[in-house]
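Colleague: Can you keep this structure in mind? I'll have questions shortly.
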Amino acid sequence: MNYVEILGYLAMITVSFSFLLKDVIKLRFVNAIGCTLFIIYGLLLGSYPVVGLNIFVACTNAFYIFKELKNHSK
């Protein structure tokens, strides 16, 4: 097993774990970390559909995290 494959498994575990969280902000934050790992994994493999999807999901997570934090601070 090489480091790229290990990175893929780590990304998979992180994204999977995020769906077990009840707090939506924590879920999105952990999921964004997993997406970032998948982006790196996809780049290392040259798999641009994996990269593109995970960039979209990470940006969506970031948008809603910042939106919620902004609303929460009011």
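Residues are named by chain letter and number: chains run A, B, ... in the order of the structure tokens, numbers start at 1 in each chain, and ligands are numbered from 1 in the order shown.
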Within 9 Å of A:Val4, counting only C-alpha atoms, which residues show up once you throw out same-chain ones fewer than 3 positions away? Write them as a list in words, please.
Modeller: Met1, Leu7, Gly8, Tyr9, Tyr41, Leu44 and Leu45 of chain A
Colleague: With C-alpha atoms kept, could you save the residues just selected as a PDB file, in the first residue's frame?
Modeller:
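That gives us again-v4.pdb:
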```
ATOM      1  CA  MET A   1       0.000   0.000   0.000  1.00  0.00           C
ATOM      2  CA  LEU A   7      -4.435   9.249   1.642  1.00  0.00           C
ATOM      3  CA  GLY A   8      -7.507   8.020  -0.236  1.00  0.00           C
ATOM      4  CA  TYR A   9      -8.542   5.805   2.681  1.00  0.00           C
ATOM      5  CA  TYR A  41      -5.685  12.480  -3.659  1.00  0.00           C
ATOM      6  CA  LEU A  44      -1.929  12.880  -7.208  1.00  0.00           C
ATOM      7  CA  LEU A  45      -3.881  10.380  -9.317  1.00  0.00           C
TER       8      LEU A  45
END
```
Colleague: Using only C-alpha atoms, which protein or nucleic acid residues come within 8 Å of A:Asn54? Drop anything in the same chain fewer than 4 positions from it, and give the result as a ChimeraX atom specification.
Modeller: /A:35-36,38-39,50,58
Colleague: So how many Å separate atom CA of A:Glu68 and atom CA of A:Pro49, to one decimal?
Modeller: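 Result for atom CA of A:Glu68 versus atom CA of A:Pro49: 28.6 Å, one decimal.
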Colleague: As number ranges by chain, please: the residues near A:Leu27 (cut-off 10 Å, only C-alpha atoms, same-chain neighbours under 4 positions excluded).
Modeller: A: 15, 17-23, 31-32, 61, 65
Colleague: Rounded to one decimal place, report the atom CA of A:Leu43-atom CA of A:Tyr64 distance in Å.
Modeller: 25.1 Å
Colleague: What is the distance between atom CA of A:Arg28 and atom CA of A:Tyr48, in Å to one decimal?
Modeller: 22.4 Å
Colleague: Which residue is closest to A:Val30? Choose from A:Ala62, A:Lys67, A:His72, A:Gly46 and count only C-alpha atoms.
Modeller: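 Nearest candidate to A:Val30 out of A:Ala62, A:Lys67, A:His72, A:Gly46: A:Ala62.
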